[in-house]
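Structure data follow from model.tsv (TSV, C-alpha atoms):
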chain	number	residue	atom	x	y	z
A	15	MET	CA	4.90	0.17	8.46
A	16	SER	CA	4.76	2.72	5.67
A	17	GLY	CA	1.36	3.90	4.58
A	18	ASN	CA	2.51	5.82	1.50
A	19	VAL	CA	0.83	4.42	-1.59
A	20	ASN	CA	-0.62	5.88	-4.76
A	21	THR	CA	-3.48	3.44	-5.30
A	22	VAL	CA	-5.25	1.10	-2.90
A	23	LEU	CA	-7.58	-1.66	-4.04
A	24	ARG	CA	-10.10	-2.55	-1.35
A	25	ILE	CA	-12.16	-5.73	-1.69
A	26	ASP	CA	-15.06	-6.41	0.67
A	27	ALA	CA	-16.68	-9.83	0.84
A	28	SER	CA	-18.73	-9.86	4.04
A	29	ALA	CA	-22.44	-10.50	3.57
A	30	ARG	CA	-23.04	-8.07	6.44
A	31	MET	CA	-23.13	-4.40	5.55
A	32	GLU	CA	-23.67	-3.31	9.17
A	33	GLY	CA	-21.76	-4.77	12.09
A	34	SER	CA	-19.12	-6.38	9.91
A	35	ALA	CA	-15.76	-6.69	11.65
A	36	THR	CA	-13.87	-7.06	8.37
A	37	ARG	CA	-15.45	-3.91	6.93
A	38	GLU	CA	-14.77	-1.92	10.10
A	39	ILE	CA	-11.15	-3.01	10.28
A	40	ALA	CA	-10.59	-2.54	6.54
A	41	ASP	CA	-11.72	1.08	6.98
A	42	VAL	CA	-8.84	1.64	9.38
A	43	VAL	CA	-6.31	-0.22	7.22
A	44	VAL	CA	-7.21	1.98	4.24
A	45	LYS	CA	-6.98	5.06	6.48
A	46	GLY	CA	-3.51	3.98	7.56
A	47	LEU	CA	-2.38	3.39	3.99
A	48	THR	CA	-3.60	6.78	2.79
A	49	ALA	CA	-2.90	8.90	5.88
A	50	ASP	CA	0.21	10.48	4.40
A	51	ALA	CA	-0.98	10.54	0.80
A	52	ALA	CA	-3.75	13.07	0.28
A	53	ALA	CA	-3.94	12.28	-3.42
A	54	ALA	CA	-4.08	8.50	-2.97
A	55	LYS	CA	-6.73	6.75	-5.02
A	56	VAL	CA	-8.91	4.08	-3.41
A	57	ILE	CA	-10.62	1.58	-5.68
A	58	THR	CA	-13.46	-0.18	-3.88
A	59	ARG	CA	-14.81	-3.50	-5.11
A	60	ASP	CA	-17.60	-5.05	-3.03
A	61	VAL	CA	-18.06	-8.64	-4.18
A	62	SER	CA	-20.59	-9.55	-1.48
A	63	THR	CA	-23.57	-9.20	-3.81
A	64	GLY	CA	-22.08	-11.88	-6.03
A	65	LEU	CA	-19.92	-12.37	-9.09
A	66	PRO	CA	-20.58	-14.72	-11.98
A	67	PHE	CA	-19.10	-18.20	-11.72
A	68	LEU	CA	-16.95	-19.53	-14.52
A	69	ASP	CA	-18.83	-21.45	-17.19
A	70	GLU	CA	-17.94	-23.26	-20.40
A	71	HIS	CA	-18.34	-20.12	-22.50
A	72	TRP	CA	-15.98	-18.12	-20.25
A	73	VAL	CA	-13.37	-20.88	-20.22
A	74	GLY	CA	-13.53	-21.15	-24.00
A	75	ALA	CA	-13.07	-17.40	-24.37
A	76	ASN	CA	-10.18	-17.36	-21.90
A	77	PHE	CA	-8.28	-20.09	-23.75
A	78	THR	CA	-8.84	-18.52	-27.15
A	79	PRO	CA	-5.87	-16.33	-28.21
A	80	ALA	CA	-6.73	-12.66	-27.66
A	81	GLU	CA	-6.37	-11.79	-31.35
A	82	ALA	CA	-8.80	-14.56	-32.32
A	83	ARG	CA	-11.60	-13.81	-29.83
A	84	SER	CA	-15.03	-12.96	-31.13
A	85	ASP	CA	-16.92	-9.94	-29.85
A	86	GLU	CA	-19.02	-12.32	-27.75
A	87	GLN	CA	-15.91	-13.85	-26.20
A	88	LYS	CA	-14.43	-10.43	-25.48
A	89	ALA	CA	-17.68	-9.49	-23.73
A	90	ALA	CA	-17.52	-12.68	-21.66
A	91	LEU	CA	-14.10	-11.66	-20.35
A	92	GLU	CA	-14.90	-7.99	-19.83
A	93	LEU	CA	-15.53	-8.21	-16.08
A	94	SER	CA	-12.44	-10.35	-15.56
A	95	ASP	CA	-10.38	-7.83	-17.53
A	96	SER	CA	-11.70	-5.00	-15.32
A	97	LEU	CA	-10.91	-6.86	-12.10
A	98	ILE	CA	-7.40	-7.63	-13.31
A	99	SER	CA	-6.91	-4.00	-14.32
A	100	GLU	CA	-7.77	-2.95	-10.76
A	101	LEU	CA	-5.17	-5.35	-9.39
A	102	ARG	CA	-2.50	-4.12	-11.76
A	103	GLU	CA	-3.16	-0.48	-10.86
A	104	ALA	CA	-3.00	-1.01	-7.10
A	105	ASP	CA	0.14	-0.58	-5.02
A	106	ALA	CA	-1.63	-2.03	-1.98
A	107	ILE	CA	-4.49	-4.53	-1.81
A	108	VAL	CA	-6.81	-4.74	1.19
A	109	ILE	CA	-9.07	-7.80	1.25
A	110	GLY	CA	-11.78	-8.44	3.80
A	111	VAL	CA	-11.84	-12.19	4.43
A	112	PRO	CA	-14.75	-13.35	6.59
A	113	VAL	CA	-14.39	-17.04	7.39
A	114	TYR	CA	-17.52	-18.93	6.36
A	115	ASN	CA	-17.50	-22.61	7.30
A	116	PHE	CA	-13.69	-22.64	7.50
A	117	GLY	CA	-13.23	-21.13	4.02
A	118	VAL	CA	-13.75	-17.93	2.03
A	119	PRO	CA	-17.19	-16.72	0.91
A	120	ALA	CA	-18.28	-18.04	-2.48
A	121	ALA	CA	-18.20	-14.50	-3.91
A	122	LEU	CA	-14.54	-14.07	-2.93
A	123	LYS	CA	-13.68	-17.43	-4.49
A	124	ALA	CA	-15.46	-16.25	-7.65
A	125	TRP	CA	-13.24	-13.13	-7.63
A	126	VAL	CA	-10.15	-15.32	-7.38
A	127	ASP	CA	-11.32	-17.43	-10.32
A	128	LEU	CA	-11.89	-14.31	-12.41
A	129	VAL	CA	-8.47	-12.77	-11.74
A	130	ALA	CA	-6.24	-15.87	-11.80
A	131	ARG	CA	-5.61	-16.06	-15.54
A	132	ALA	CA	-2.58	-17.50	-17.30
A	133	GLY	CA	-0.83	-14.87	-19.36
A	134	GLU	CA	-2.53	-12.08	-17.41
A	135	THR	CA	-1.73	-12.44	-13.72
A	136	PHE	CA	0.61	-15.45	-13.90
A	137	ARG	CA	2.48	-17.37	-16.56
A	138	TYR	CA	3.72	-20.90	-16.97
A	139	THR	CA	7.46	-21.53	-17.30
A	140	GLU	CA	9.61	-24.65	-17.52
A	141	ASN	CA	10.17	-24.24	-13.78
A	142	GLY	CA	6.50	-23.86	-12.94
A	143	PRO	CA	4.05	-20.94	-12.72
A	144	VAL	CA	5.33	-17.43	-12.02
A	145	GLY	CA	3.15	-14.59	-10.71
A	146	LEU	CA	3.00	-11.36	-12.70
A	147	LEU	CA	1.78	-8.99	-9.96
A	148	GLU	CA	5.06	-8.45	-8.17
A	149	GLY	CA	5.93	-5.34	-6.17
A	150	LYS	CA	2.59	-5.05	-4.39
A	151	LYS	CA	1.68	-5.27	-0.72
A	152	ALA	CA	-1.46	-7.06	0.48
A	153	TYR	CA	-3.40	-6.90	3.73
A	154	LEU	CA	-5.88	-9.60	4.68
A	155	VAL	CA	-8.51	-8.56	7.20
A	156	VAL	CA	-9.76	-11.85	8.57
A	157	GLY	CA	-12.89	-12.28	10.67
A	158	SER	CA	-14.18	-15.52	12.18
A	159	GLY	CA	-16.63	-16.72	14.76
A	160	GLY	CA	-14.71	-19.72	16.04
A	161	THR	CA	-11.84	-20.52	13.69
A	162	PRO	CA	-8.42	-19.38	14.98
A	163	ALA	CA	-6.59	-17.49	12.22
A	164	GLY	CA	-3.66	-19.49	10.89
A	165	SER	CA	-4.82	-22.74	12.49
A	166	ASP	CA	-4.82	-26.07	10.69
A	167	TRP	CA	-8.51	-25.64	9.96
A	168	ASP	CA	-8.29	-22.04	8.77
A	169	TYR	CA	-8.70	-22.61	5.04
A	170	ALA	CA	-9.55	-18.96	4.39
A	171	SER	CA	-6.52	-16.81	5.24
A	172	THR	CA	-4.08	-19.58	4.30
A	173	TYR	CA	-5.83	-19.99	0.95
A	174	MET	CA	-5.80	-16.26	0.22
A	175	LYS	CA	-2.09	-15.99	1.11
A	176	HIS	CA	-1.35	-18.87	-1.24
A	177	VAL	CA	-3.41	-17.35	-4.07
A	178	LEU	CA	-1.76	-13.96	-3.69
A	179	GLY	CA	1.68	-15.54	-3.66
A	180	PHE	CA	0.78	-17.52	-6.77
A	181	LEU	CA	-0.07	-14.23	-8.50
A	182	GLY	CA	3.22	-12.68	-7.40
A	183	VAL	CA	2.10	-10.85	-4.25
A	184	SER	CA	4.28	-12.37	-1.55
A	185	ASP	CA	4.28	-9.47	0.93
A	186	VAL	CA	1.09	-10.20	2.89
A	187	THR	CA	0.08	-8.97	6.34
A	188	VAL	CA	-2.84	-10.51	8.22
A	189	PHE	CA	-4.98	-8.60	10.71
A	190	ALA	CA	-7.28	-11.09	12.41
A	191	ALA	CA	-10.48	-10.51	14.32
A	192	ASP	CA	-10.87	-14.22	14.91
A	193	GLN	CA	-12.89	-16.31	17.36
A	194	ALA	CA	-15.45	-13.54	17.83
A	195	ALA	CA	-18.00	-16.03	19.13
A	196	VAL	CA	-15.64	-16.71	22.03
A	197	LEU	CA	-13.94	-13.36	22.52
A	198	GLY	CA	-16.80	-11.04	21.61
A	199	GLU	CA	-15.89	-7.38	20.97
A	200	GLU	CA	-12.35	-8.11	22.18
A	201	SER	CA	-11.76	-9.89	18.89
A	202	THR	CA	-12.36	-6.77	16.79
A	203	GLN	CA	-10.56	-4.49	19.23
A	204	LYS	CA	-7.50	-6.75	19.15
A	205	ALA	CA	-7.32	-6.42	15.37
A	206	LEU	CA	-7.96	-2.67	15.43
A	207	THR	CA	-5.15	-2.20	17.95
A	208	ALA	CA	-2.78	-4.18	15.71
A	209	VAL	CA	-3.73	-2.03	12.70
A	210	ARG	CA	-3.27	1.26	14.58
A	211	GLU	CA	0.11	0.15	15.90
A	212	ALA	CA	1.22	-0.95	12.43
A	213	PHE	CA	0.34	2.40	10.87
A	214	SER	CA	1.02	4.61	13.93
A	215	LEU	CA	-2.59	5.77	14.07
A	216	ALA	CA	-4.21	7.32	17.11
A	217	ALA	CA	-7.08	5.40	18.68

What's the structure tokens form of this structure?
Amino acid sequence: MSGNVNTVLRIDASARMEGSATREIADVVVKGLTADAAAAKVITRDVSTGLPFLDEHWVGANFTPAEARSDEQKAALELSDSLISELREADAIVIGVPVYNFGVPAALKAWVDLVARAGETFRYTENGPVGLLEGKKAYLVVGSGGTPAGSDWDYASTYMKHVLGFLGVSDVTVFAADQAAVLGEESTQKALTAVREAFSLAA
């Protein structure tokens, strides 16, 4: 797996700053992506402290044509515009996906809502929606206590893969530190081994 990229967007969502498996594994994924690119840029976006949820004012601004938006509406979309700009700039996207109650953390769902915008990251056609973020590679770093990654009740990694594909990012690799409550430290080590093998990194 090639690690040569110009820009990496890293998104952390775990509520834990210390002892977080997704943060620890994401560190190694980013290292693998940038190992052969000394000048690579890493954009870090930690959403764990919360992002605003969509409200009526935001929706109204979003559906108002850009040339007709008021200054207030432009301000309402400013964060969304910044998040989308980060996505557009990135060659590779690394997303920490802790599984909370079978799904993604609320803050990560808020990020999805802010970046999934018609005319910006996808467009509608007569044959259905088409993603506008093609040519990018994504890595999902999944961590769970009991939910097996990819299982019928894993609504986190499957959801994120679907969202990314909807936006045009179909090349998605999953590194899973799942079932940590059962496997303990073996769960994280399994994922770290998979990352190191994928990027040919020494332990």

Wanna dump the region 57-167 of chain A-region 193-207 of chain A contacts at 6 Å for me, each residue with its shortest atom pair and the distance in Å to one decimal, counting all atoms listed in the file, ordered by chain and number, as JSON lines?
{"residue": "A:Ser158", "atom": "CA", "partner": "A:Gln193", "partner_atom": "CA", "distance": 5.4}
{"residue": "A:Gly159", "atom": "CA", "partner": "A:Gln193", "partner_atom": "CA", "distance": 4.6}
{"residue": "A:Gly160", "atom": "CA", "partner": "A:Gln193", "partner_atom": "CA", "distance": 4.1}
{"residue": "A:Thr161", "atom": "CA", "partner": "A:Gln193", "partner_atom": "CA", "distance": 5.7}
{"residue": "A:Pro162", "atom": "CA", "partner": "A:Gln193", "partner_atom": "CA", "distance": 5.9}

Can those selected residues be exported to a file as an mmCIF file, in the frame of the given file so that it contains C-alpha atoms?
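selection.cif written:
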data_model
loop_
_atom_site.group_PDB
_atom_site.id
_atom_site.type_symbol
_atom_site.label_atom_id
_atom_site.label_comp_id
_atom_site.auth_asym_id
_atom_site.auth_seq_id
_atom_site.Cartn_x
_atom_site.Cartn_y
_atom_site.Cartn_z
ATOM 1 C CA SER A 158 -14.180 -15.520 12.180
ATOM 2 C CA GLY A 159 -16.630 -16.720 14.760
ATOM 3 C CA GLY A 160 -14.710 -19.720 16.040
ATOM 4 C CA THR A 161 -11.840 -20.520 13.690
ATOM 5 C CA PRO A 162 -8.420 -19.380 14.980
#

Region 63-74 of chain A surroundings by only C-alpha atoms, 12 Å radius, close-in-sequence under 4 positions cut, as a ChimeraX atom specification: /A:26-31,59,78-80,82-84,86-94,97,119-132

Go ahead and save the picked residues with C-alpha atoms, as a PDB file, keeping the file's coordinate frame.
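See result-v1.pdb below for the written result:
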ATOM      1  CA  ASP A  26     -15.060  -6.410   0.670  1.00  0.00           C
ATOM      2  CA  ALA A  27     -16.680  -9.830   0.840  1.00  0.00           C
ATOM      3  CA  SER A  28     -18.730  -9.860   4.040  1.00  0.00           C
ATOM      4  CA  ALA A  29     -22.440 -10.500   3.570  1.00  0.00           C
ATOM      5  CA  ARG A  30     -23.040  -8.070   6.440  1.00  0.00           C
ATOM      6  CA  MET A  31     -23.130  -4.400   5.550  1.00  0.00           C
ATOM      7  CA  ARG A  59     -14.810  -3.500  -5.110  1.00  0.00           C
ATOM      8  CA  THR A  78      -8.840 -18.520 -27.150  1.00  0.00           C
ATOM      9  CA  PRO A  79      -5.870 -16.330 -28.210  1.00  0.00           C
ATOM     10  CA  ALA A  80      -6.730 -12.660 -27.660  1.00  0.00           C
ATOM     11  CA  ALA A  82      -8.800 -14.560 -32.320  1.00  0.00           C
ATOM     12  CA  ARG A  83     -11.600 -13.810 -29.830  1.00  0.00           C
ATOM     13  CA  SER A  84     -15.030 -12.960 -31.130  1.00  0.00           C
ATOM     14  CA  GLU A  86     -19.020 -12.320 -27.750  1.00  0.00           C
ATOM     15  CA  GLN A  87     -15.910 -13.850 -26.200  1.00  0.00           C
ATOM     16  CA  LYS A  88     -14.430 -10.430 -25.480  1.00  0.00           C
ATOM     17  CA  ALA A  89     -17.680  -9.490 -23.730  1.00  0.00           C
ATOM     18  CA  ALA A  90     -17.520 -12.680 -21.660  1.00  0.00           C
ATOM     19  CA  LEU A  91     -14.100 -11.660 -20.350  1.00  0.00           C
ATOM     20  CA  GLU A  92     -14.900  -7.990 -19.830  1.00  0.00           C
ATOM     21  CA  LEU A  93     -15.530  -8.210 -16.080  1.00  0.00           C
ATOM     22  CA  SER A  94     -12.440 -10.350 -15.560  1.00  0.00           C
ATOM     23  CA  LEU A  97     -10.910  -6.860 -12.100  1.00  0.00           C
ATOM     24  CA  PRO A 119     -17.190 -16.720   0.910  1.00  0.00           C
ATOM     25  CA  ALA A 120     -18.280 -18.040  -2.480  1.00  0.00           C
ATOM     26  CA  ALA A 121     -18.200 -14.500  -3.910  1.00  0.00           C
ATOM     27  CA  LEU A 122     -14.540 -14.070  -2.930  1.00  0.00           C
ATOM     28  CA  LYS A 123     -13.680 -17.430  -4.490  1.00  0.00           C
ATOM     29  CA  ALA A 124     -15.460 -16.250  -7.650  1.00  0.00           C
ATOM     30  CA  TRP A 125     -13.240 -13.130  -7.630  1.00  0.00           C
ATOM     31  CA  VAL A 126     -10.150 -15.320  -7.380  1.00  0.00           C
ATOM     32  CA  ASP A 127     -11.320 -17.430 -10.320  1.00  0.00           C
ATOM     33  CA  LEU A 128     -11.890 -14.310 -12.410  1.00  0.00           C
ATOM     34  CA  VAL A 129      -8.470 -12.770 -11.740  1.00  0.00           C
ATOM     35  CA  ALA A 130      -6.240 -15.870 -11.800  1.00  0.00           C
ATOM     36  CA  ARG A 131      -5.610 -16.060 -15.540  1.00  0.00           C
ATOM     37  CA  ALA A 132      -2.580 -17.500 -17.300  1.00  0.00           C
TER      38      ALA A 132
END

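Note that CA of Ala104 (chain A) and CA of Leu23 (chain A) are 5.5 Å apart.
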
Residue nearest Ser99 (chain A) among A:Val111, A:Leu47, A:Leu147, A:Val19 (counting all atoms listed in the file):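 Going through A:Val111, A:Leu47, A:Leu147, A:Val19 one by one, the smallest distance to Ser99 (chain A) is for A:Leu147.
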
Would you list the contacts of Ala54 (chain A) as a PDB file with C-alpha atoms, in the coordinates of the input, taking every protein, DNA or RNA residue within 8 Å and counting all atoms listed in the file, but skipping same-chain residues closer than 6 positions in sequence?
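Final output, out-v8.pdb:
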ATOM      1  CA  VAL A  19       0.830   4.420  -1.590  1.00  0.00           C
ATOM      2  CA  ASN A  20      -0.620   5.880  -4.760  1.00  0.00           C
ATOM      3  CA  THR A  21      -3.480   3.440  -5.300  1.00  0.00           C
ATOM      4  CA  VAL A  22      -5.250   1.100  -2.900  1.00  0.00           C
ATOM      5  CA  THR A  48      -3.600   6.780   2.790  1.00  0.00           C
TER       6      THR A  48
END

Report, as lines of an AutoDock Vina configuration file, the centre and edge lengths in Å (one decimal) of the axis-aligned box enclosing every listed atom of region 160-177 of chain A, padded by 4 Å on each side.
center_x = -8.0
center_y = -21.0
center_z = 6.0
size_x = 21.4
size_y = 18.1
size_z = 28.1

For Phe77 (chain A), the nearest of the candidates A:Asn115, A:Ile107, A:Val209, A:Glu134, counting only C-alpha atoms: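 Of the candidates, the smallest distance to Phe77 (chain A) is held by A:Glu134.
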
Pick from A:Gly117, A:Gly110, A:Gly33, A:Gly133 nearest to Asn76 (chain A), counting only C-alpha atoms: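 Among the listed residues, A:Gly133 lies closest to Asn76 (chain A).
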
Distance criterion (only C-alpha atoms): nearest to Val183 (chain A) out of A:Val56, A:Ala170, A:Val44, A:Ala152: A:Ala152

Two-atom distance - CA of Leu154 (chain A), CA of Val186 (chain A) (Å):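 So the two atoms, CA of Leu154 (chain A) and CA of Val186 (chain A), lie 7.2 Å apart.
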